[in-house]
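To start, the structure itself, in structure tokens.
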4 protein chains.
Amino acid sequence: MRVAPDDASSSARYGEVRHVSEFLCEPLATEDYVVQSMPDASPIKWHLAHTSWFFEAFVLGRALPDYHPFHPRFHYLFNSYYLTVGQPYSRPERGLLSRPTVDEVYRYRRYVDERMLELQSRPDGTGLAEIAPIIELGLHHEQQHQELMLTDLKHHFAVNPLYPIYRPRPSQSRPATVAPLRWVPFRSGVYWIGHTGADFAFDNECPRHRVFLNDFELSSRLVTNGEYRAFIEDEGYQRPELWLSEGWSIAQAQRWEAPLYWQKEDGKWWAMTLSGRREVEDAEPVCHVSYFEADAYARWAGARLPTEAEWEVASEGVPIDGNLLESGIYHPAPLQDDTGGISQMFGDVWEWTSSAYLPYPGYRPWEGSLGEYNGKFMCNQFVLRGGSCATPATHIRKTYRNFFPPAARWQFMGIRVARDA
Amino acid sequence: MRVAPDDASSSARYGEVRHVSEFLCEPLATEDYVVQSMPDASPIKWHLAHTSWFFEAFVLGRALPDYHPFHPRFHYLFNSYYLTVGQPYSRPERGLLSRPTVDEVYRYRRYVDERMLELQSRPDGTGLAEIAPIIELGLHHEQQHQELMLTDLKHHFAVNPLYPIYRPRPSQSRPATVAPLRWVPFRSGVYWIGHTGADFAFDNECPRHRVFLNDFELSSRLVTNGEYRAFIEDEGYQRPELWLSEGWSIAQAQRWEAPLYWQKEDGKWWAMTLSGRREVEDAEPVCHVSYFEADAYARWAGARLPTEAEWEVASEGVPIDGNLLESGIYHPAPLQDDTGGISQMFGDVWEWTSSAYLPYPGYRPWEGSLGEYNGKFMCNQFVLRGGSCATPATHIRKTYRNFFPPAARWQFMGIRVARDA
Amino acid sequence: MRVAPDDASSSARYGEVRHVSEFLCEPLATEDYVVQSMPDASPIKWHLAHTSWFFEAFVLGRALPDYHPFHPRFHYLFNSYYLTVGQPYSRPERGLLSRPTVDEVYRYRRYVDERMLELQSRPDGTGLAEIAPIIELGLHHEQQHQELMLTDLKHHFAVNPLYPIYRPRPSQSRPATVAPLRWVPFRSGVYWIGHTGADFAFDNECPRHRVFLNDFELSSRLVTNGEYRAFIEDEGYQRPELWLSEGWSIAQAQRWEAPLYWQKEDGKWWAMTLSGRREVEDAEPVCHVSYFEADAYARWAGARLPTEAEWEVASEGVPIDGNLLESGIYHPAPLQDDTGGISQMFGDVWEWTSSAYLPYPGYRPWEGSLGEYNGKFMCNQFVLRGGSCATPATHIRKTYRNFFPPAARWQFMGIRVARDA
Amino acid sequence: MRVAPDDASSSARYGEVRHVSEFLCEPLATEDYVVQSMPDASPIKWHLAHTSWFFEAFVLGRALPDYHPFHPRFHYLFNSYYLTVGQPYSRPERGLLSRPTVDEVYRYRRYVDERMLELQSRPDGTGLAEIAPIIELGLHHEQQHQELMLTDLKHHFAVNPLYPIYRPRPSQSRPATVAPLRWVPFRSGVYWIGHTGADFAFDNECPRHRVFLNDFELSSRLVTNGEYRAFIEDEGYQRPELWLSEGWSIAQAQRWEAPLYWQKEDGKWWAMTLSGRREVEDAEPVCHVSYFEADAYARWAGARLPTEAEWEVASEGVPIDGNLLESGIYHPAPLQDDTGGISQMFGDVWEWTSSAYLPYPGYRPWEGSLGEYNGKFMCNQFVLRGGSCATPATHIRKTYRNFFPPAARWQFMGIRVARDA
């Protein structure tokens, strides 16, 4: 998979990012693009079309006064949730649409790409400066959907009794055990968190502001499958005192007994991966757990989840590097060795924090319809940090705030624990 | 579309019927095979596979001791509802499966076809006589699914805002008006109804038995769109006294205001057809109405629906001919002219009767698992008679009992009225 | 409990019937009148008020031009389902209303009774003849609700972990075993069934008409708990081939393992009765089974359920006598001894027939709003015959057609089997 | 209503608090105690019994080794949600229980009271010191239920088309207009919030800890009905850009057009109150709005909701006084006059804050089963501050954290706005 160099021109980065979406689809059969396996997921062809619509709706339609949309109904079909630009097609019914076909969707992408590249090749002073930030946003938006394409596809393949393989597992050395978990200490005080500066960030990362933190400690690495199995074997899923009330109700109603995609057979745990179904490996970071499970695990372990401010403070000085999308593994990987600091902060799994997803003090959503991008979801969700094995490297940041409802499990979501010093 | 001649050998008929299923798919894109637009409908590729599984499960697996199934999981995936041969895959989730792909399903069909033709080419005295009735059943079963493929596809295309066209409408002369409805009288007495003889029939058509009928009259033709519009305009959908209680509740909850697929725009009624969306034509038989609507219409018209015994008695002497699947219209057609007798008894639309779908006196289901074919559905359904524009000509009979729950609308279902003499 | 003599004047019968409703409430605490334990059931005070509203709406309001209703909102609150007289208060929410209080409801009854008795004491020729049939209907209507009061109360008490006792069980001799089941034969032919003559009957029992019946046999008595236990022990609830498809789905979803109100504890079956919870007695007729269970039992027993026509033909010459409401047992009772004919035709339990509840040939609903009484429910229900231990003796008839959906279990419903001769 | 003096002995306070629960029931009919009008609400008799069970389960059963519970099943029936002491009876089915009767529940209270008073009259040194904090908790628990009794009763009466009156409205002078809203400023810095000291507080108010706040301003008084009407009239309920996404979905699905209990008739707004239905008065604080409505209103007004830390900092120096339960109004009251500071901080309505209900840094739940009291609900809820017209005066504190899901409306919930300085 090609990645744009740091000094890529705008149109080079545009081409690279758009290419990655299609690279991710190379292993797919036509039929694989169509299915929506649950209301929270979307068909792959919907992702491909929606990310193109984003450029149509927010760039081309605004920058080109005579822009002629590819198809008059696509504005309705591929708007996700921007109510201020029109009523979108029903989300849970995205999987009912065989048309437009996959071919048509790729033609749609070509159509948009041509006009986008044309636009970006304009000379300076022709309004490009005004729209460059929206193009940048559109590319980050597409990168978010790249992650969703993989997690939605995984869900879709996991409900199929044939357990299809997306891409075979790369051969690599895999440690059978990992270094013991250590506690890394941080001091109390007033800290600045949040984004500042000219680089791209979402509105929800701003403004940079002060928070007061007590002394705290974070675990040196992610919680592993082996550690999580100990929680299961200690009846973690049968003891209500470990759980939040709402989580307990959901776990009972949906009969949770292990992370999503785990199944017990003949006394062994098996899990679906994007490389097919295989036995659970103890050394890998645990994955596909809800906030409720992460929180119950932490309580069982005599710890707690970190706040997002603690996580961000701890990430200071840690290089943005790890098992991200570009590694081509598409699954969290065991820690190779303990280098003494704090590990696995980026990539592998999104780390649940105990922070509700709320506006930062002084938060202002973007102007206009793009104000719907983030702000309107600030309710009943929790913040996750650090990116996963499905997150593009050029997409993640230390201040990045991902967010999901506490019962969500289908993203690559895992656990780092914290404690008061 | 080729149709097998009457004197076709078993294997010729096998080939013809199997061919029709694939002929019906010729206009489809790969994506069109995948979608399930509601729990009652199935993906096209499921139909293609299930009808093949039927031969695997009930013929090949029994007649060939060393038969090796095409795929070990297909018995689970493509069993519909035969609980005595195993727990089937969840029906409402048939649309979640992108695999097997369409290509694999066609290969599955080839695999089954080869072995079926081989089996049928055996010399006499090698057990063929015992399985010939099951093969005959398997072909009628496939013909039932041919009709469902068209009605499921229509539902699927109708929920798509792009309104895809399955096959264009054939050009033909269409009368703008139809002959007035006449009442055709029949005399009271004890009648025999039900199937007898060596020809194929489903178990639910047997045994032939006696019923007592009062004097009655049937309408000379089907109720038209124009007549049904008069019911709508007379506030038929707003007057509870015309409706069965359960029908009224459903109509209110689902906001029924017209037959399924009708939409009012700018004061005109439009309807989805397999040839795309077009204006409703008054002369066509009304279609896609539930039992509740048929019953309410009849009450409004000062009439009632016929019983299935009345319908069968009236069909005596009427040739089995009409707008069936082979006409290639895929939509009910206006009556061309009134020839003085009773018209449109076969084809166009299945005619709702007021008879609950119950066992005939002395009914015995087929032996073994095939006993699940019909008998276990004898509850909360109503009988429909006469076949539709999606029914193959070699499939329909005068004694044929189709059955659907009273709220079903997505089949080609229409209305003939009756009254006491 | 007093019962009106046969020659009772209209107002004497009125007083007697109205009294029975209140007699049935004597053991109740105020709180017991308020609760609605499921949407199909109603609070006791609702029954008391609704039966009074019936006289207000269909007698007093019509016969007395200046009639002043007891309360302006009661027409809305206590209309059950007569849409042609107005939109009724939501049925599943009848249990949300603490007001009117029980005292107010009794005052409402007094108010209506005074005016009804005044009306009935008028001299002849003052319009009484026209309304006498409606009064008669109103009393039969109230008798239907007397049965419902007991079955609704039983459901309500059965969900309460304290298992309240309605009335203690009368002491009586109870045989531990019952006479063996015999088959009573009947001959084929054209029979007349349905009501005729001047006596009261519901519109759904008319008109009297001819049906053709094959030779058949009915069991000499009801199926007992002991016989039904054999079905349970033979895994009747685990074998799909015994069940209708819809019944199987419901039984699985609701985890049916025995009749409603049965619970297994320490290897014994216990059942809730109106005299409290006690061990199941083998000699009693089985009760609180759905149509699906009755049908599965019959199939397991190598038999079938009778049609309603067969039942009615078999009842010819059988006296209307048995364990009805007046016995004060409020539970089906074992057959005392086999007198050689057909037993337990009336009382004990309503007997499920295999006949869908449909209009008789030539059926005409009553004129006006009372036409909503029966006709609009002729869909997805089955006919039951013979009355139960909660049916008043002056209410039941040989032609009486009770009807419930096939999944209903909370009435006193049981099984008599039939077979082809 | 009597209120305990500040220096009341433990048993005097016990008696006073227990008395208030029964005082609140004086206007009720027996039937009013039984109904549960929605799953979130409970029957009044359940509240009366549950608060007594609390003393049985956590005080008497522990302090008296030979304590004999009043009834063996009440532990099951009246446990609310303490899973570590046993599986409770199903919450949404509390309204299905007519038994125990109201009389039995009062006898239950007498039984518990006698033993509690006996226990509290023991001499020092007999273990009283250990249980005194649990008794104190039990009384605060009962005070919480006193508020719920009123709000649950209001919901119950509001669904009844007869609109019952709980207690008539006290006559009092009511200003038609209120003083203009002013902005009261506060300075940025590190503040201490949370409870400390020996006085009673819930575990969720601890530990006292530091937070950093930017400059901010709070409105000098609550938002009024008049101001909220302007939001409605400006199409606040029709403009998605003002709403959180989840709130918009709920508002659409449930057709919200105004606060709960408001109905428009003949161009005027009417609202249900505990004194019956009356016209909405502009000068009263708006009430029965969800978090979603409060948040949308604030956005529309160019403001935001305060955080709980801001609210607590602002309450410094404000006397705990206002329209609380003891005022006997049972409804929020207009501000009498603007005294120049910040008004209506206590009583009238609980004020929605923008703070998710989460553990304070260093939070430790109480030991044992009482740890289930608060901590397990720290998810998907928002904090409300300040008490309401249904909160007892001896129950509220500046550090008190009430919490409800953002869609809840049936409590006395209202709005104070904030803004960045």
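For the structure tokens, the naming scheme is as follows: chains receive sequential letters (A, B, ...) according to their order of presentation, residues are indexed from 1 within each chain, and ligands are indexed from 1 in presentation order.
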Mind running chain B against chain C at 6 Å and telling me each contacting residue's nearest atom pair with the distance in Å (one decimal), counting only C-alpha atoms, chain and number ascending, as CSV?
residue,atom,partner,partner_atom,distance
B:Val211,CA,C:Phe212,CA,5.4
B:Phe212,CA,C:Val211,CA,5.4
B:Leu244,CA,C:Lys376,CA,4.3
B:Ser245,CA,C:Lys376,CA,5.2
B:Lys376,CA,C:Leu244,CA,4.4
B:Phe377,CA,C:Ser245,CA,5.8
B:Asn380,CA,C:Asn380,CA,4.6
Residues as selected, all heavy atoms, written as a PDB file, in the first residue's frame, can you do that?
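out-v1.pdb was written with the following content:
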ATOM      1  N   VAL B 211     -68.553 -31.314  -0.570  1.00  0.00           N
ATOM      2  CA  VAL B 211     -68.957 -30.123   0.200  1.00  0.00           C
ATOM      3  C   VAL B 211     -70.365 -29.734  -0.226  1.00  0.00           C
ATOM      4  O   VAL B 211     -70.765 -29.994  -1.368  1.00  0.00           O
ATOM      5  CB  VAL B 211     -68.024 -28.912  -0.051  1.00  0.00           C
ATOM      6  CG1 VAL B 211     -66.613 -29.191   0.474  1.00  0.00           C
ATOM      7  CG2 VAL B 211     -67.986 -28.533  -1.521  1.00  0.00           C
ATOM      8  N   PHE B 212     -71.087 -29.117   0.689  1.00  0.00           N
ATOM      9  CA  PHE B 212     -72.404 -28.608   0.330  1.00  0.00           C
ATOM     10  C   PHE B 212     -72.302 -27.112   0.080  1.00  0.00           C
ATOM     11  O   PHE B 212     -71.762 -26.366   0.896  1.00  0.00           O
ATOM     12  CB  PHE B 212     -73.423 -28.858   1.447  1.00  0.00           C
ATOM     13  CG  PHE B 212     -74.794 -28.408   1.054  1.00  0.00           C
ATOM     14  CD1 PHE B 212     -75.651 -29.280   0.391  1.00  0.00           C
ATOM     15  CD2 PHE B 212     -75.202 -27.099   1.273  1.00  0.00           C
ATOM     16  CE1 PHE B 212     -76.914 -28.855  -0.016  1.00  0.00           C
ATOM     17  CE2 PHE B 212     -76.463 -26.665   0.851  1.00  0.00           C
ATOM     18  CZ  PHE B 212     -77.314 -27.552   0.212  1.00  0.00           C
ATOM     19  N   LEU B 244     -62.186  -5.889   8.618  1.00  0.00           N
ATOM     20  CA  LEU B 244     -61.945  -6.786   9.741  1.00  0.00           C
ATOM     21  C   LEU B 244     -61.090  -6.048  10.773  1.00  0.00           C
ATOM     22  O   LEU B 244     -60.250  -5.206  10.411  1.00  0.00           O
ATOM     23  CB  LEU B 244     -61.226  -8.045   9.268  1.00  0.00           C
ATOM     24  CG  LEU B 244     -62.120  -9.004   8.481  1.00  0.00           C
ATOM     25  CD1 LEU B 244     -61.284 -10.040   7.747  1.00  0.00           C
ATOM     26  CD2 LEU B 244     -63.120  -9.698   9.412  1.00  0.00           C
ATOM     27  N   SER B 245     -61.266  -6.359  12.015  1.00  0.00           N
ATOM     28  CA  SER B 245     -60.603  -5.623  13.085  1.00  0.00           C
ATOM     29  C   SER B 245     -59.081  -5.693  12.966  1.00  0.00           C
ATOM     30  O   SER B 245     -58.381  -4.679  13.068  1.00  0.00           O
ATOM     31  CB  SER B 245     -61.046  -6.197  14.437  1.00  0.00           C
ATOM     32  OG  SER B 245     -60.387  -5.553  15.480  1.00  0.00           O
ATOM     33  N   LYS B 376     -47.879 -28.105   7.852  1.00  0.00           N
ATOM     34  CA  LYS B 376     -47.607 -27.365   9.085  1.00  0.00           C
ATOM     35  C   LYS B 376     -47.932 -25.879   8.989  1.00  0.00           C
ATOM     36  O   LYS B 376     -47.774 -25.149   9.966  1.00  0.00           O
ATOM     37  CB  LYS B 376     -46.161 -27.587   9.529  1.00  0.00           C
ATOM     38  CG  LYS B 376     -45.096 -26.913   8.718  1.00  0.00           C
ATOM     39  CD  LYS B 376     -43.716 -27.266   9.291  1.00  0.00           C
ATOM     40  CE  LYS B 376     -42.599 -26.585   8.557  1.00  0.00           C
ATOM     41  NZ  LYS B 376     -41.287 -26.972   9.105  1.00  0.00           N
ATOM     42  N   PHE B 377     -48.362 -25.452   7.815  1.00  0.00           N
ATOM     43  CA  PHE B 377     -48.732 -24.039   7.655  1.00  0.00           C
ATOM     44  C   PHE B 377     -50.241 -23.808   7.710  1.00  0.00           C
ATOM     45  O   PHE B 377     -50.713 -22.728   7.368  1.00  0.00           O
ATOM     46  CB  PHE B 377     -48.150 -23.504   6.349  1.00  0.00           C
ATOM     47  CG  PHE B 377     -46.656 -23.637   6.303  1.00  0.00           C
ATOM     48  CD1 PHE B 377     -46.044 -24.548   5.461  1.00  0.00           C
ATOM     49  CD2 PHE B 377     -45.859 -22.876   7.146  1.00  0.00           C
ATOM     50  CE1 PHE B 377     -44.665 -24.692   5.438  1.00  0.00           C
ATOM     51  CE2 PHE B 377     -44.479 -23.019   7.126  1.00  0.00           C
ATOM     52  CZ  PHE B 377     -43.878 -23.927   6.280  1.00  0.00           C
ATOM     53  N   ASN B 380     -53.931 -19.619  10.287  1.00  0.00           N
ATOM     54  CA  ASN B 380     -53.809 -18.162  10.101  1.00  0.00           C
ATOM     55  C   ASN B 380     -53.401 -17.760   8.678  1.00  0.00           C
ATOM     56  O   ASN B 380     -52.700 -16.762   8.497  1.00  0.00           O
ATOM     57  CB  ASN B 380     -52.817 -17.571  11.107  1.00  0.00           C
ATOM     58  CG  ASN B 380     -53.347 -17.614  12.525  1.00  0.00           C
ATOM     59  OD1 ASN B 380     -54.459 -18.072  12.767  1.00  0.00           O
ATOM     60  ND2 ASN B 380     -52.568 -17.133  13.466  1.00  0.00           N
TER      61      ASN B 380
END
*Near A:Phe58, within 12 Å and counting only C-alpha atoms, which residues show up once chain neighbours fewer than 2 positions away are dropped, as number ranges by chain?*
A: 50-56, 60-64, 67, 75, 79, 82, 85, 116, 130-138, 141, 368-370, 373
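The coordinates place atom CA of C:Phe231 at 9.2 Å from atom CA of C:Ala296.
Nearest residue to A:Thr151 among A:Ala309, A:Ala303, A:Val20, A:Ala41 is A:Ala41, counting only C-alpha atoms.
Around A:Val286, within 6 Å and counting only C-alpha atoms, the residues found are A:Thr224, A:Asn225, A:Gly414, once anything fewer than 3 positions away on its own chain is removed.
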*Skipping near chain neighbours, those fewer than 3 positions away, what residues fall within 8 Å of C:Val417 using only C-alpha atoms, listed as a list in words?*
Leu218, Ser219, Leu222, Val223, Ala298, Ala303, Arg304, Leu305 and Pro306 of chain C
Preceding selection exported with all heavy atoms as a JSON list (two decimals), in the first residue's frame:
[["chain", "number", "residue", "atom", "x", "y", "z"],
["C", 218, "LEU", "N", -65.96, -39.04, 17.83],
["C", 218, "LEU", "CA", -65.45, -38.12, 18.87],
["C", 218, "LEU", "C", -65.10, -38.91, 20.12],
["C", 218, "LEU", "O", -65.73, -39.94, 20.40],
["C", 218, "LEU", "CB", -66.51, -37.08, 19.24],
["C", 218, "LEU", "CG", -66.85, -35.99, 18.26],
["C", 218, "LEU", "CD1", -67.53, -34.82, 19.02],
["C", 218, "LEU", "CD2", -65.62, -35.46, 17.54],
["C", 219, "SER", "N", -64.14, -38.40, 20.87],
["C", 219, "SER", "CA", -63.81, -39.07, 22.13],
["C", 219, "SER", "C", -64.96, -38.86, 23.12],
["C", 219, "SER", "O", -65.63, -37.82, 23.12],
["C", 219, "SER", "CB", -62.51, -38.54, 22.71],
["C", 219, "SER", "OG", -62.63, -37.18, 23.05],
["C", 222, "LEU", "N", -63.29, -35.53, 27.80],
["C", 222, "LEU", "CA", -62.17, -34.61, 27.58],
["C", 222, "LEU", "C", -60.84, -35.30, 27.85],
["C", 222, "LEU", "O", -60.78, -36.27, 28.62],
["C", 222, "LEU", "CB", -62.32, -33.41, 28.52],
["C", 222, "LEU", "CG", -63.55, -32.53, 28.26],
["C", 222, "LEU", "CD1", -63.73, -31.52, 29.40],
["C", 222, "LEU", "CD2", -63.42, -31.79, 26.92],
["C", 223, "VAL", "N", -59.80, -34.79, 27.26],
["C", 223, "VAL", "CA", -58.44, -35.26, 27.55],
["C", 223, "VAL", "C", -58.06, -34.80, 28.96],
["C", 223, "VAL", "O", -58.34, -33.66, 29.34],
["C", 223, "VAL", "CB", -57.45, -34.70, 26.50],
["C", 223, "VAL", "CG1", -56.01, -34.98, 26.89],
["C", 223, "VAL", "CG2", -57.76, -35.29, 25.13],
["C", 298, "ALA", "N", -53.24, -33.82, 19.80],
["C", 298, "ALA", "CA", -54.09, -34.72, 19.01],
["C", 298, "ALA", "C", -53.25, -35.49, 17.99],
["C", 298, "ALA", "O", -53.43, -36.69, 17.81],
["C", 298, "ALA", "CB", -55.18, -33.91, 18.31],
["C", 303, "ALA", "N", -54.74, -38.76, 16.54],
["C", 303, "ALA", "CA", -56.11, -38.29, 16.31],
["C", 303, "ALA", "C", -56.06, -36.90, 15.69],
["C", 303, "ALA", "O", -55.04, -36.50, 15.12],
["C", 303, "ALA", "CB", -56.88, -38.28, 17.63],
["C", 304, "ARG", "N", -57.14, -36.19, 15.78],
["C", 304, "ARG", "CA", -57.20, -34.81, 15.33],
["C", 304, "ARG", "C", -58.23, -34.09, 16.17],
["C", 304, "ARG", "O", -58.93, -34.72, 16.99],
["C", 304, "ARG", "CB", -57.57, -34.76, 13.84],
["C", 304, "ARG", "CG", -58.91, -35.39, 13.52],
["C", 304, "ARG", "CD", -59.33, -35.13, 12.08],
["C", 304, "ARG", "NE", -60.55, -35.83, 11.73],
["C", 304, "ARG", "CZ", -61.80, -35.42, 12.02],
["C", 304, "ARG", "NH1", -61.99, -34.29, 12.69],
["C", 304, "ARG", "NH2", -62.85, -36.14, 11.66],
["C", 305, "LEU", "N", -58.33, -32.77, 16.00],
["C", 305, "LEU", "CA", -59.38, -32.03, 16.69],
["C", 305, "LEU", "C", -60.66, -32.13, 15.86],
["C", 305, "LEU", "O", -60.61, -32.25, 14.63],
["C", 305, "LEU", "CB", -58.98, -30.57, 16.87],
["C", 305, "LEU", "CG", -57.72, -30.35, 17.73],
["C", 305, "LEU", "CD1", -57.39, -28.85, 17.78],
["C", 305, "LEU", "CD2", -57.95, -30.88, 19.15],
["C", 306, "PRO", "N", -61.84, -32.07, 16.50],
["C", 306, "PRO", "CA", -63.09, -32.06, 15.74],
["C", 306, "PRO", "C", -63.31, -30.73, 15.04],
["C", 306, "PRO", "O", -62.80, -29.70, 15.48],
["C", 306, "PRO", "CB", -64.16, -32.28, 16.81],
["C", 306, "PRO", "CG", -63.54, -31.86, 18.10],
["C", 306, "PRO", "CD", -62.06, -32.04, 17.96]]
*Quick one: pull the distance between atom CA of B:Val383 and atom CA of B:Trp269, Å, one decimal.*
28.9 Å
